[in-house]
$ cat run-v7.cif   # mmCIF, C-alpha atoms and all ligand atoms
data_work
loop_
_atom_site.label_atom_id
_atom_site.label_comp_id
_atom_site.auth_asym_id
_atom_site.auth_seq_id
_atom_site.Cartn_x
_atom_site.Cartn_y
_atom_site.Cartn_z
CA MET A 1 -7.40 -6.76 46.72
CA THR A 2 -7.16 -4.20 49.51
CA GLY A 3 -5.75 -4.37 53.03
CA ILE A 4 -2.72 -6.15 54.42
CA VAL A 5 -0.62 -8.07 51.88
CA ARG A 6 0.38 -11.49 53.23
CA ILE A 7 3.93 -12.42 52.32
CA GLY A 8 5.67 -15.79 52.07
CA LEU A 9 9.46 -15.70 52.24
CA LEU A 10 11.28 -18.25 50.04
CA GLY A 11 14.82 -18.56 51.36
CA ALA A 12 15.80 -17.17 54.77
CA GLY A 13 19.55 -16.83 54.20
CA LEU A 14 21.64 -13.66 54.23
CA ILE A 15 19.16 -11.30 52.55
CA GLY A 16 16.00 -13.34 53.23
CA LYS A 17 16.49 -12.89 56.96
CA GLU A 18 16.75 -9.12 56.43
CA HIS A 19 13.50 -9.12 54.42
CA ALA A 20 11.83 -11.08 57.21
CA ASN A 21 12.87 -8.45 59.75
CA TYR A 22 11.89 -5.53 57.50
CA CYS A 23 8.43 -7.09 57.09
CA MET A 24 7.96 -6.28 60.77
CA SER A 25 8.38 -2.52 60.20
CA ALA A 26 6.94 -2.03 56.68
CA GLU A 27 3.36 -0.72 56.43
CA GLY A 28 0.67 -2.85 54.81
CA VAL A 29 2.50 -6.19 54.82
CA GLU A 30 2.53 -9.23 57.07
CA LEU A 31 5.02 -12.10 56.94
CA THR A 32 2.83 -15.21 57.10
CA ALA A 33 5.23 -18.08 56.25
CA ILE A 34 8.83 -18.99 55.55
CA ALA A 35 10.13 -21.80 53.31
CA ASP A 36 13.74 -22.85 53.71
CA PRO A 37 14.92 -26.43 54.20
CA SER A 38 18.02 -25.46 56.17
CA PRO A 39 18.14 -25.58 60.00
CA ALA A 40 19.09 -21.88 59.93
CA GLY A 41 15.94 -21.09 57.93
CA GLN A 42 13.82 -23.06 60.37
CA GLU A 43 15.40 -21.08 63.20
CA VAL A 44 14.47 -17.75 61.55
CA ALA A 45 10.84 -18.92 61.33
CA ARG A 46 10.92 -20.01 64.97
CA GLU A 47 12.41 -16.68 66.12
CA LEU A 48 9.77 -14.70 64.23
CA ASP A 49 7.01 -17.11 65.21
CA VAL A 50 5.74 -17.76 61.65
CA PRO A 51 4.88 -21.14 60.09
CA HIS A 52 7.83 -22.93 58.51
CA PHE A 53 7.84 -25.01 55.30
CA VAL A 54 10.59 -27.17 53.87
CA SER A 55 9.23 -26.85 50.32
CA TYR A 56 8.36 -23.48 48.78
CA ILE A 57 5.71 -25.16 46.64
CA ASP A 58 3.98 -26.37 49.80
CA LEU A 59 4.17 -22.84 51.18
CA MET A 60 2.52 -21.41 48.07
CA ASP A 61 -0.20 -24.10 48.10
CA GLU A 62 -0.94 -24.20 51.81
CA ALA A 63 -0.05 -20.88 53.47
CA PRO A 64 -2.29 -17.79 53.26
CA VAL A 65 -0.12 -15.60 50.99
CA ASP A 66 -0.72 -12.91 48.35
CA ALA A 67 2.93 -12.30 47.46
CA VAL A 68 6.25 -14.09 47.84
CA ILE A 69 9.82 -12.87 48.21
CA VAL A 70 12.19 -15.02 46.15
CA ALA A 71 15.42 -14.79 48.17
CA LEU A 72 16.88 -18.05 46.85
CA PRO A 73 20.19 -18.69 45.07
CA ASN A 74 20.16 -17.06 41.61
CA ILE A 75 19.81 -20.37 39.80
CA MET A 76 16.46 -21.02 41.54
CA HIS A 77 14.81 -17.64 40.84
CA ALA A 78 13.04 -18.57 37.60
CA ASP A 79 11.43 -21.82 38.82
CA ALA A 80 10.21 -20.17 42.02
CA ALA A 81 8.95 -17.00 40.32
CA VAL A 82 7.11 -18.98 37.63
CA ALA A 83 5.50 -21.21 40.30
CA ALA A 84 4.29 -18.08 42.11
CA LEU A 85 2.95 -16.47 38.93
CA GLU A 86 1.06 -19.67 38.02
CA ARG A 87 -0.70 -19.40 41.37
CA GLY A 88 -1.52 -15.70 40.94
CA LEU A 89 0.99 -14.67 43.63
CA THR A 90 3.04 -11.51 43.05
CA PRO A 91 6.74 -12.28 43.35
CA LEU A 92 9.41 -9.88 44.55
CA VAL A 93 12.36 -11.59 42.88
CA GLU A 94 15.74 -10.79 44.35
CA LYS A 95 18.34 -9.52 41.93
CA PRO A 96 19.52 -10.68 39.49
CA ILE A 97 16.09 -11.55 38.12
CA ALA A 98 17.60 -14.89 37.04
CA ASP A 99 20.92 -16.54 36.31
CA SER A 100 20.50 -16.37 32.52
CA LEU A 101 18.56 -14.32 29.97
CA GLU A 102 16.61 -17.45 28.97
CA ALA A 103 15.52 -17.97 32.56
CA ALA A 104 14.54 -14.29 32.83
CA GLU A 105 12.43 -14.70 29.67
CA ARG A 106 10.58 -17.61 31.31
CA ILE A 107 9.58 -15.27 34.13
CA ILE A 108 8.45 -12.56 31.68
CA ALA A 109 6.41 -15.11 29.68
CA ALA A 110 4.70 -16.44 32.83
CA SER A 111 3.96 -12.90 34.03
CA ASP A 112 2.35 -12.05 30.66
CA LYS A 113 0.45 -15.35 30.49
CA HIS A 114 -1.03 -15.12 33.98
CA ASN A 115 -1.33 -11.34 33.97
CA VAL A 116 0.47 -11.07 37.30
CA PRO A 117 3.15 -8.39 37.80
CA VAL A 118 6.73 -9.10 38.86
CA LEU A 119 8.80 -6.75 41.02
CA VAL A 120 12.58 -7.22 41.01
CA GLY A 121 14.72 -6.48 44.06
CA HIS A 122 16.98 -3.69 42.85
CA GLN A 123 16.24 -1.86 46.07
CA ARG A 124 18.70 0.98 45.50
CA ARG A 125 16.11 2.68 43.27
CA TYR A 126 14.14 3.49 46.44
CA ALA A 127 17.17 4.97 48.25
CA PRO A 128 16.97 8.69 49.05
CA ASP A 129 20.08 9.66 47.04
CA ILE A 130 18.97 7.74 43.94
CA VAL A 131 15.44 9.18 44.15
CA ALA A 132 16.79 12.76 44.42
CA ALA A 133 19.36 12.26 41.64
CA LYS A 134 16.74 10.73 39.33
CA ARG A 135 14.48 13.76 39.73
CA PHE A 136 17.38 16.18 39.25
CA ILE A 137 18.63 14.46 36.07
CA GLU A 138 15.12 14.09 34.62
CA ASP A 139 14.56 17.80 35.21
CA GLY A 140 17.61 18.50 33.06
CA GLY A 141 19.98 19.41 35.92
CA LEU A 142 23.03 17.96 34.16
CA GLY A 143 22.21 18.93 30.58
CA HIS A 144 23.09 16.09 28.19
CA VAL A 145 24.81 13.23 30.07
CA VAL A 146 28.33 12.75 28.69
CA SER A 147 30.21 10.45 31.07
CA VAL A 148 29.55 8.08 33.93
CA GLY A 149 31.95 6.51 36.40
CA LEU A 150 31.08 3.91 39.01
CA LEU A 151 32.95 2.01 41.67
CA SER A 152 31.87 -1.16 43.46
CA THR A 153 35.04 -2.16 45.29
CA TRP A 154 35.21 -3.84 48.69
CA ARG A 155 36.60 -6.93 50.40
CA LYS A 156 34.31 -9.80 51.38
CA ASP A 157 35.15 -12.13 54.27
CA GLU A 158 36.32 -15.69 53.51
CA LYS A 159 33.28 -17.25 55.21
CA TYR A 160 30.98 -15.59 52.66
CA PHE A 161 32.40 -18.00 50.08
CA ASP A 162 31.52 -21.12 52.13
CA VAL A 163 28.23 -20.87 50.16
CA THR A 164 29.50 -22.33 46.91
CA TRP A 165 27.09 -20.72 44.37
CA ARG A 166 28.59 -17.33 45.18
CA SER A 167 31.96 -18.16 43.59
CA ARG A 168 30.72 -20.23 40.63
CA LYS A 169 29.23 -19.30 37.25
CA GLY A 170 26.10 -17.24 37.99
CA GLY A 171 27.79 -15.72 41.07
CA GLY A 172 30.84 -13.44 41.40
CA PRO A 173 31.00 -9.68 42.00
CA VAL A 174 29.52 -8.75 38.60
CA LEU A 175 26.29 -10.77 38.92
CA ILE A 176 25.99 -10.43 42.69
CA ASN A 177 27.06 -6.80 43.26
CA LEU A 178 27.90 -4.75 40.16
CA ILE A 179 24.45 -5.60 38.81
CA HIS A 180 23.02 -3.25 41.46
CA ASP A 181 25.27 -0.43 40.27
CA LEU A 182 24.46 -1.16 36.63
CA ASP A 183 20.78 -0.99 37.47
CA VAL A 184 21.21 2.37 39.21
CA ILE A 185 23.22 3.73 36.32
CA ARG A 186 20.69 2.53 33.73
CA TYR A 187 17.96 4.15 35.83
CA LEU A 188 19.83 7.46 36.03
CA ALA A 189 21.64 7.63 32.68
CA GLY A 190 19.62 5.39 30.35
CA ASP A 191 20.13 2.14 28.49
CA ILE A 192 23.54 0.62 27.87
CA ASP A 193 24.02 -0.61 24.30
CA SER A 194 27.46 -2.23 24.38
CA VAL A 195 30.31 -3.16 26.70
CA MET A 196 33.95 -4.16 26.72
CA ALA A 197 35.41 -5.72 29.86
CA LEU A 198 38.43 -7.37 31.43
CA GLY A 199 38.40 -9.63 34.49
CA SER A 200 40.95 -11.12 36.87
CA SER A 201 40.81 -14.08 39.28
CA LYS A 202 44.28 -13.42 40.60
CA VAL A 203 43.41 -12.87 44.27
CA ARG A 204 40.72 -15.46 45.02
CA GLY A 205 41.40 -17.99 42.25
CA PHE A 206 37.69 -18.81 41.84
CA PRO A 207 36.07 -19.89 38.54
CA VAL A 208 34.52 -16.39 38.36
CA PRO A 209 36.72 -13.27 38.34
CA ASP A 210 37.08 -11.43 41.66
CA THR A 211 37.84 -8.19 39.83
CA ALA A 212 36.25 -6.65 36.75
CA GLY A 213 36.66 -3.45 34.77
CA ALA A 214 34.24 -2.46 32.01
CA VAL A 215 33.68 0.32 29.51
CA LEU A 216 30.00 1.04 28.90
CA GLU A 217 28.46 2.65 25.83
CA PHE A 218 25.08 4.25 26.50
CA ALA A 219 22.28 4.60 23.95
CA SER A 220 22.50 8.37 24.51
CA GLY A 221 26.12 8.39 23.34
CA ALA A 222 27.50 8.75 26.87
CA ILE A 223 30.48 6.59 27.83
CA GLY A 224 30.97 5.01 31.25
CA THR A 225 33.50 3.00 33.19
CA ALA A 226 32.72 0.48 35.93
CA MET A 227 35.06 -1.19 38.44
CA ALA A 228 33.99 -4.11 40.61
CA THR A 229 35.95 -6.28 43.01
CA ASP A 230 35.23 -8.30 46.14
CA ALA A 231 38.93 -8.64 46.95
CA ALA A 232 40.12 -5.08 47.69
CA ALA A 233 40.18 -3.46 51.14
CA SER A 234 38.25 -0.49 49.79
CA PRO A 235 35.28 1.57 51.02
CA TRP A 236 34.14 2.61 47.52
CA CYS A 237 30.95 0.64 47.31
CA TRP A 238 27.48 2.17 47.56
CA ASP A 239 26.37 -0.33 50.23
CA LEU A 240 29.16 0.95 52.46
CA THR A 241 29.36 4.69 51.83
CA SER A 242 25.63 5.36 51.46
CA GLY A 243 24.81 3.96 54.89
CA TYR A 244 21.74 2.28 53.34
CA GLY A 245 23.25 -1.21 53.03
CA ALA A 246 21.33 -3.82 55.01
CA TYR A 247 24.10 -5.21 57.19
CA PHE A 248 27.29 -3.15 56.96
CA PRO A 249 29.06 -0.67 59.20
CA SER A 250 29.23 2.72 57.50
CA PRO A 251 32.79 3.81 56.77
CA PRO A 252 33.54 7.52 56.23
CA PRO A 253 31.30 8.89 53.48
CA GLY A 254 32.67 8.75 49.96
CA ASP A 255 31.19 8.99 46.49
CA VAL A 256 30.95 6.01 44.16
CA TYR A 257 28.86 7.25 41.22
CA PHE A 258 30.03 10.21 39.13
CA ILE A 259 27.69 11.41 36.40
CA SER A 260 28.72 14.35 34.22
CA GLY A 261 26.64 16.31 31.75
CA THR A 262 27.18 19.28 29.49
CA GLU A 263 25.86 21.67 32.20
CA ALA A 264 26.90 20.09 35.51
CA SER A 265 28.10 16.97 37.32
CA ILE A 266 26.72 15.04 40.27
CA ALA A 267 28.40 12.63 42.71
CA LEU A 268 26.46 10.05 44.74
CA PRO A 269 25.61 9.15 47.41
CA SER A 270 26.59 12.62 48.71
CA LEU A 271 24.40 14.29 46.02
CA THR A 272 27.02 16.98 45.48
CA VAL A 273 26.40 19.00 42.32
CA TYR A 274 29.32 20.76 40.61
CA ARG A 275 28.61 23.60 38.19
CA HIS A 276 30.83 26.30 36.69
CA ARG A 277 30.08 29.79 37.95
CA GLY A 278 29.90 32.16 34.96
CA ALA A 279 31.03 30.81 31.60
CA ASN A 280 30.46 27.05 31.34
CA ASN A 281 34.06 25.92 30.71
CA TRP A 282 37.19 24.77 32.52
CA LYS A 283 38.49 28.31 33.13
CA SER A 284 35.56 29.21 35.40
CA PRO A 285 35.53 28.31 39.09
CA PHE A 286 33.07 25.68 40.33
CA GLU A 287 30.22 26.27 42.70
CA THR A 288 28.95 23.23 44.59
CA SER A 289 25.58 22.49 46.15
CA VAL A 290 24.04 19.43 47.77
CA LEU A 291 20.61 18.16 46.73
CA LYS A 292 18.01 17.55 49.43
CA ARG A 293 16.94 13.99 50.17
CA THR A 294 14.03 12.48 52.07
CA GLU A 295 15.30 9.78 54.43
CA THR A 296 13.80 6.34 53.75
CA ASN A 297 14.95 2.77 54.28
CA PRO A 298 15.10 1.36 50.73
CA TYR A 299 14.25 -2.22 51.80
CA VAL A 300 11.19 -1.05 53.73
CA ALA A 301 10.13 1.20 50.83
CA GLN A 302 10.54 -1.80 48.51
CA LEU A 303 8.22 -3.95 50.66
CA GLU A 304 5.62 -1.18 50.81
CA HIS A 305 5.84 -0.88 47.02
CA LEU A 306 5.44 -4.68 46.74
CA ALA A 307 2.20 -4.30 48.70
CA ALA A 308 0.98 -1.60 46.29
CA VAL A 309 1.97 -3.72 43.25
CA THR A 310 0.21 -6.78 44.71
CA ARG A 311 -2.95 -4.72 45.23
CA ARG A 312 -2.56 -3.46 41.60
CA GLN A 313 -2.32 0.10 42.91
CA ALA A 314 1.11 0.66 41.32
CA GLU A 315 3.16 -0.55 38.38
CA PRO A 316 6.43 -2.24 39.45
CA LEU A 317 9.23 0.31 39.77
CA ILE A 318 11.54 -2.43 38.45
CA SER A 319 9.60 -4.72 36.13
CA ALA A 320 10.81 -8.07 34.85
CA ARG A 321 11.64 -6.53 31.45
CA ASP A 322 13.57 -3.68 33.05
CA ALA A 323 15.51 -6.18 35.19
CA PHE A 324 16.15 -8.32 32.10
CA ASN A 325 17.87 -5.30 30.54
CA THR A 326 20.02 -4.78 33.65
CA LEU A 327 20.88 -8.50 33.70
CA ALA A 328 21.75 -8.34 29.99
CA VAL A 329 24.40 -5.68 30.73
CA ALA A 330 25.89 -7.77 33.56
CA MET A 331 25.88 -10.92 31.40
CA ALA A 332 27.51 -9.04 28.52
CA ILE A 333 30.26 -7.86 30.90
CA ASP A 334 30.69 -11.47 32.07
CA GLU A 335 30.94 -12.69 28.48
CA SER A 336 33.25 -9.88 27.44
CA MET A 337 35.61 -10.74 30.32
CA ALA A 338 35.76 -14.31 29.02
CA SER A 339 36.09 -13.50 25.31
CA ARG A 340 37.91 -10.16 25.62
CA LYS A 341 35.53 -8.91 22.94
CA TYR A 342 33.40 -5.78 22.52
CA LEU A 343 29.77 -6.95 22.80
CA GLN A 344 26.34 -5.54 22.00
CA VAL A 345 23.83 -5.80 24.86
CA PRO A 346 20.50 -7.39 23.88
CA GLN A 347 17.68 -5.14 25.10
CA LEU A 348 14.07 -6.12 25.64
CA HIS A 349 11.39 -3.53 25.05
CA ASP A 350 7.85 -3.43 26.30
CA LYS A 351 6.50 -5.65 23.54
CA GLY A 352 9.07 -8.24 24.50
CA GLU A 353 11.34 -8.14 21.47
CA TYR A 354 15.11 -7.94 21.28
CA THR A 355 16.50 -4.90 19.49
CA ASP A 356 19.71 -6.82 18.92
CA ASP A 357 20.14 -10.55 18.53
CA CYS A 358 23.73 -11.00 19.64
N1 LIG A 401 19.19 -6.97 47.26
C1 LIG A 401 20.24 -7.19 48.02
O1 LIG A 401 20.77 -6.29 48.67
C2 LIG A 401 20.80 -8.58 48.08
C3 LIG A 401 21.79 -8.89 49.02
C4 LIG A 401 22.25 -10.19 49.09
C5 LIG A 401 21.76 -11.17 48.24
N2 LIG A 401 20.82 -10.83 47.31
C6 LIG A 401 20.27 -11.85 46.39
O2 LIG A 401 19.40 -12.65 47.18
C7 LIG A 401 19.48 -14.01 46.78
C8 LIG A 401 19.91 -14.85 47.95
O3 LIG A 401 21.20 -14.48 48.32
P1 LIG A 401 21.78 -14.82 49.78
O4 LIG A 401 23.14 -14.25 49.82
O5 LIG A 401 20.76 -14.45 50.81
O6 LIG A 401 21.86 -16.41 49.65
P2 LIG A 401 21.97 -17.47 50.83
O7 LIG A 401 22.65 -18.64 50.24
O8 LIG A 401 22.52 -16.83 52.07
O9 LIG A 401 20.43 -17.80 51.13
C9 LIG A 401 19.65 -18.60 50.28
C10 LIG A 401 18.71 -19.40 51.16
O10 LIG A 401 17.87 -20.18 50.32
C11 LIG A 401 17.66 -21.40 50.98
N3 LIG A 401 17.21 -22.41 50.03
C12 LIG A 401 17.94 -23.19 49.19
N4 LIG A 401 17.13 -24.02 48.52
C13 LIG A 401 15.85 -23.74 48.91
C14 LIG A 401 14.57 -24.25 48.54
N5 LIG A 401 14.43 -25.22 47.63
N6 LIG A 401 13.49 -23.73 49.16
C15 LIG A 401 13.61 -22.74 50.07
N7 LIG A 401 14.80 -22.22 50.47
C16 LIG A 401 15.91 -22.72 49.88
C17 LIG A 401 19.01 -21.74 51.59
O11 LIG A 401 18.89 -22.70 52.64
C18 LIG A 401 19.45 -20.37 52.10
O12 LIG A 401 19.05 -20.15 53.43
C19 LIG A 401 20.46 -14.05 45.61
O13 LIG A 401 19.73 -13.96 44.42
C20 LIG A 401 21.29 -12.80 45.80
O14 LIG A 401 21.82 -12.30 44.58
C21 LIG A 401 20.32 -9.58 47.24
#

$ encode --input "run-v7.cif" --output "structure tokens" --more "lines below"
Ligand SMILES: NC(=O)c1ccc[n+]([C@@H]2O[C@H](COP(=O)([O-])OP(=O)(O)OC[C@H]3O[C@@H](n4cnc5c(N)ncnc54)[C@H](O)[C@@H]3O)[C@@H](O)[C@H]2O)c1
Amino acid sequence: MTGIVRIGLLGAGLIGKEHANYCMSAEGVELTAIADPSPAGQEVARELDVPHFVSYIDLMDEAPVDAVIVALPNIMHADAAVAALERGLTPLVEKPIADSLEAAERIIAASDKHNVPVLVGHQRRYAPDIVAAKRFIEDGGLGHVVSVGLLSTWRKDEKYFDVTWRSRKGGGPVLINLIHDLDVIRYLAGDIDSVMALGSSKVRGFPVPDTAGAVLEFASGAIGTAMATDAAASPWCWDLTSGYGAYFPSPPPGDVYFISGTEASIALPSLTVYRHRGANNWKSPFETSVLKRTETNPYVAQLEHLAAVTRRQAEPLISARDAFNTLAVAMAIDESMASRKYLQVPQLHDKGEYTDDC
């Protein structure tokens, strides 16, 4: 197909409403229908003057759409994505791709069967700092990556948890938030083979931990650490300090990803590069530089990429298999928090096989 890609939005809650608004500024897309049974969802459709459906199946069968955005609770992603794929519609599935690896596999199988691509909503990969860092690291700017540190620490408001799925199994700061950071880090530093994690529910007392700390072992041999909490009054979360989050005030800038290689280190989102001047060892002073970035709104870039994927002009930047591998890391952290065990991360490769059957 060529021309404008017609989009149906499934779920007009917190992030769905943002997608609906970004559809108005993205090139090559048009929001043609919204499905959401809630009065709030109906109101979003009324405000934007697009047809409203109670059932997303009815939307897919009756509205003129080429692609759908699956912005539903995690547990509903697989059923909705599979229904779209069966109808030849390209789904942009919000992250995580699904609430379990089995559900993610159902999406992959349907995509293969119907030969329709899936794009997954890890929108940080389109952000200017991640794009610039990716290029820099791929060009060998760090040498061999040795260590990775990441922080995803902030404090959510109490009202956020009125929506119950967010504090139950399948929700929590690892599957809702840290998964974004894990995706970025996999994108920049490569696959993660194994994890060891501890969690705490001390502050919120929910069934899922409010705080998690993990050690990550990369396929390259690099080692990483990851901290996530939704209970700390902290600015060290990419959505806050990057200024690219969809609905947050920007606190003073601060770095949240720290990637170090044998030749240099980089901190994001500032894109500050640290390199020894002269001999490459701790006795030499550092010189710092800041990489250039091209300003883009990652959510708008994601929608424009969805249009290109739907027209089969581009391969998905985050395919279902790639998102499975990111989900597998988050699930392994979740499991390790519960069992207090060191766990291998099952990885799916292009042919669709596990390299590890743990
Ligand atoms: N990429 C991001 O930055 C980002 C940010 C927030 C959330 N998310 C992801 O987006 C998804 C939605 O999260 P949220 O916080 O917006 O959730 P939410 O609960 O605010 O919104 C979900 C919406 O789905 C609607 N819904 C429920 N059942 C439905 C059905 N059968 N048909 C149609 N609509 C239905 C609900 O009424 C609600 O409006 C989750 O997967 C979450 O992880 C991504």

$ residues_near_ligand --input "run-v7.cif" --ligand "ligand LIG 401 (chain A)" --cutoff "7 Å" --atoms "all atoms listed in the file" --output "ChimeraX atom specification"
/A:10-16,35-38,40-41,54-56,71-74,94-96,121-123,163,176,246

$ closest_atom_pairs --input "run-v7.cif" --of "segment 56-135 of chain A" --to "segment 261-282 of chain A" --cutoff "9 Å" --atoms "only C-alpha atoms" --output "Markdown table"
| residue | atom | partner | partner_atom | distance |
| --- | --- | --- | --- | --- |
| A:Pro128 | CA | A:Pro269 | CA | 8.8 |
| A:Asp129 | CA | A:Pro269 | CA | 5.6 |
| A:Ile130 | CA | A:Pro269 | CA | 7.6 |
| A:Ala132 | CA | A:Leu271 | CA | 7.9 |
| A:Ala133 | CA | A:Leu271 | CA | 7.0 |

$ closest_residue --input "run-v7.cif" --among "A:Asp49, A:Asp66, A:Asp255, A:Asp99" --to "Arg311 of chain A" --atoms "only C-alpha atoms"
A:Asp66

$ closest_residue --input "run-v7.cif" --among "A:Arg135, A:Arg87, A:Arg321, A:His180" --to "Trp238 of chain A" --atoms "only C-alpha atoms"
A:His180

$ atom_distance --input "run-v7.cif" --atom1 "atom CA of Ala78 of chain A" --atom2 "atom CA of Ile97 of chain A"
7.7 Å

$ closest_residue --input "run-v7.cif" --among "A:Tyr160, A:Trp154, A:Phe286, A:Tyr22" --to "Leu48 of chain A" --atoms "only C-alpha atoms"
A:Tyr22

$ atom_distance --input "run-v7.cif" --atom1 "atom CA of Pro91 of chain A" --atom2 "atom CA of Ser319 of chain A"
10.8 Å

$ closest_residue --input "run-v7.cif" --among "A:Arg125, A:Arg46, A:Arg340, A:His114" --to "His305 of chain A" --atoms "all atoms listed in the file"
A:Arg125

$ atom_distance --input "run-v7.cif" --atom1 "atom CA of Gly3 of chain A" --atom2 "atom CA of Ala80 of chain A"
25.0 Å

$ closest_residue --input "run-v7.cif" --among "A:Val208, A:Asp191, A:Val68, A:Ser200" --to "Trp165 of chain A" --atoms "all atoms listed in the file"
A:Val208

$ closest_residue --input "run-v7.cif" --among "A:Asp210, A:Asp162, A:Asp112, A:Gln302" --to "Ile69 of chain A" --atoms "only C-alpha atoms"
A:Gln302

$ residues_around --input "run-v7.cif" --residues "Asn325 of chain A" --least-positions-apart "6" --cutoff "9 Å" --atoms "all atoms listed in the file" --output "compact mmCIF listing (two decimals) with C-alpha atoms, in the frame of the given file"
# COMPACT_ATOMS: atom_id res chain seq x y z
CA ASP A 183 20.78 -0.99 37.47
CA ARG A 186 20.69 2.53 33.73
CA ASP A 191 20.13 2.14 28.49
CA ILE A 192 23.54 0.62 27.87
CA VAL A 345 23.83 -5.80 24.86
CA PRO A 346 20.50 -7.39 23.88
CA GLN A 347 17.68 -5.14 25.10
CA LEU A 348 14.07 -6.12 25.64
CA HIS A 349 11.39 -3.53 25.05

$ closest_atom_pairs --input "run-v7.cif" --of "segment 192-223 of chain A" --to "segment 327-336 of chain A" --cutoff "10 Å" --atoms "only C-alpha atoms" --output "tab-separated table"
residue	atom	partner	partner_atom	distance
A:Ile192	CA	A:Val329	CA	7.0
A:Asp193	CA	A:Val329	CA	8.2
A:Ser194	CA	A:Val329	CA	7.8
A:Val195	CA	A:Ile333	CA	6.3
A:Met196	CA	A:Ser336	CA	5.8
A:Ala197	CA	A:Ser336	CA	5.3
A:Leu198	CA	A:Ser336	CA	7.0
A:Gly199	CA	A:Asp334	CA	8.3
A:Val208	CA	A:Asp334	CA	8.9
A:Pro209	CA	A:Asp334	CA	8.9
A:Ala212	CA	A:Ile333	CA	8.5
A:Gly213	CA	A:Ile333	CA	8.7
A:Ala214	CA	A:Ile333	CA	6.8
A:Val215	CA	A:Ile333	CA	9.0
A:Leu216	CA	A:Val329	CA	8.9

$ residues_near_point --input "run-v7.cif" --point "(35.7, 3.9, 52.3)" --cutoff "10 Å" --atoms "only C-alpha atoms" --output "number ranges by chain"
A: 153-154, 233-238, 240-241, 250-256

$ write_last_selection --input "run-v7.cif" --atoms "C-alpha atoms" --output "short mmCIF file (atom, residue, chain, number, x, y, z; two decimals), in the frame of the given file"
data_model
loop_
_atom_site.label_atom_id
_atom_site.label_comp_id
_atom_site.auth_asym_id
_atom_site.auth_seq_id
_atom_site.Cartn_x
_atom_site.Cartn_y
_atom_site.Cartn_z
CA THR A 153 35.04 -2.16 45.29
CA TRP A 154 35.21 -3.84 48.69
CA ALA A 233 40.18 -3.46 51.14
CA SER A 234 38.25 -0.49 49.79
CA PRO A 235 35.28 1.57 51.02
CA TRP A 236 34.14 2.61 47.52
CA CYS A 237 30.95 0.64 47.31
CA TRP A 238 27.48 2.17 47.56
CA LEU A 240 29.16 0.95 52.46
CA THR A 241 29.36 4.69 51.83
CA SER A 250 29.23 2.72 57.50
CA PRO A 251 32.79 3.81 56.77
CA PRO A 252 33.54 7.52 56.23
CA PRO A 253 31.30 8.89 53.48
CA GLY A 254 32.67 8.75 49.96
CA ASP A 255 31.19 8.99 46.49
CA VAL A 256 30.95 6.01 44.16
#

$ build_atoms --input "run-v7.cif" --residues "segment 322-333 of chain A" --atoms "N, CA and C atoms" --output "PDB file, in the coordinates of the input"
ATOM      1  N   ASP A 322      12.529  -4.628  32.663  1.00  0.00           N
ATOM      2  CA  ASP A 322      13.570  -3.680  33.050  1.00  0.00           C
ATOM      3  C   ASP A 322      14.760  -4.442  33.667  1.00  0.00           C
ATOM      4  N   ALA A 323      14.446  -5.399  34.536  1.00  0.00           N
ATOM      5  CA  ALA A 323      15.510  -6.180  35.190  1.00  0.00           C
ATOM      6  C   ALA A 323      16.226  -7.086  34.200  1.00  0.00           C
ATOM      7  N   PHE A 324      15.498  -7.546  33.174  1.00  0.00           N
ATOM      8  CA  PHE A 324      16.150  -8.320  32.100  1.00  0.00           C
ATOM      9  C   PHE A 324      17.241  -7.455  31.482  1.00  0.00           C
ATOM     10  N   ASN A 325      16.903  -6.184  31.201  1.00  0.00           N
ATOM     11  CA  ASN A 325      17.870  -5.300  30.540  1.00  0.00           C
ATOM     12  C   ASN A 325      19.085  -5.043  31.428  1.00  0.00           C
ATOM     13  N   THR A 326      18.876  -4.938  32.731  1.00  0.00           N
ATOM     14  CA  THR A 326      20.020  -4.780  33.650  1.00  0.00           C
ATOM     15  C   THR A 326      20.844  -6.069  33.651  1.00  0.00           C
ATOM     16  N   LEU A 327      20.153  -7.217  33.717  1.00  0.00           N
ATOM     17  CA  LEU A 327      20.880  -8.500  33.700  1.00  0.00           C
ATOM     18  C   LEU A 327      21.674  -8.646  32.400  1.00  0.00           C
ATOM     19  N   ALA A 328      21.077  -8.195  31.292  1.00  0.00           N
ATOM     20  CA  ALA A 328      21.750  -8.340  29.990  1.00  0.00           C
ATOM     21  C   ALA A 328      23.082  -7.584  29.995  1.00  0.00           C
ATOM     22  N   VAL A 329      23.132  -6.436  30.663  1.00  0.00           N
ATOM     23  CA  VAL A 329      24.400  -5.680  30.730  1.00  0.00           C
ATOM     24  C   VAL A 329      25.415  -6.476  31.554  1.00  0.00           C
ATOM     25  N   ALA A 330      24.971  -7.002  32.701  1.00  0.00           N
ATOM     26  CA  ALA A 330      25.890  -7.770  33.560  1.00  0.00           C
ATOM     27  C   ALA A 330      26.385  -9.022  32.841  1.00  0.00           C
ATOM     28  N   MET A 331      25.471  -9.702  32.123  1.00  0.00           N
ATOM     29  CA  MET A 331      25.880 -10.920  31.400  1.00  0.00           C
ATOM     30  C   MET A 331      26.860 -10.574  30.275  1.00  0.00           C
ATOM     31  N   ALA A 332      26.610  -9.449  29.608  1.00  0.00           N
ATOM     32  CA  ALA A 332      27.510  -9.040  28.520  1.00  0.00           C
ATOM     33  C   ALA A 332      28.902  -8.735  29.088  1.00  0.00           C
ATOM     34  N   ILE A 333      28.954  -8.124  30.272  1.00  0.00           N
ATOM     35  CA  ILE A 333      30.260  -7.860  30.900  1.00  0.00           C
ATOM     36  C   ILE A 333      30.945  -9.195  31.223  1.00  0.00           C
TER      37      ILE A 333
END
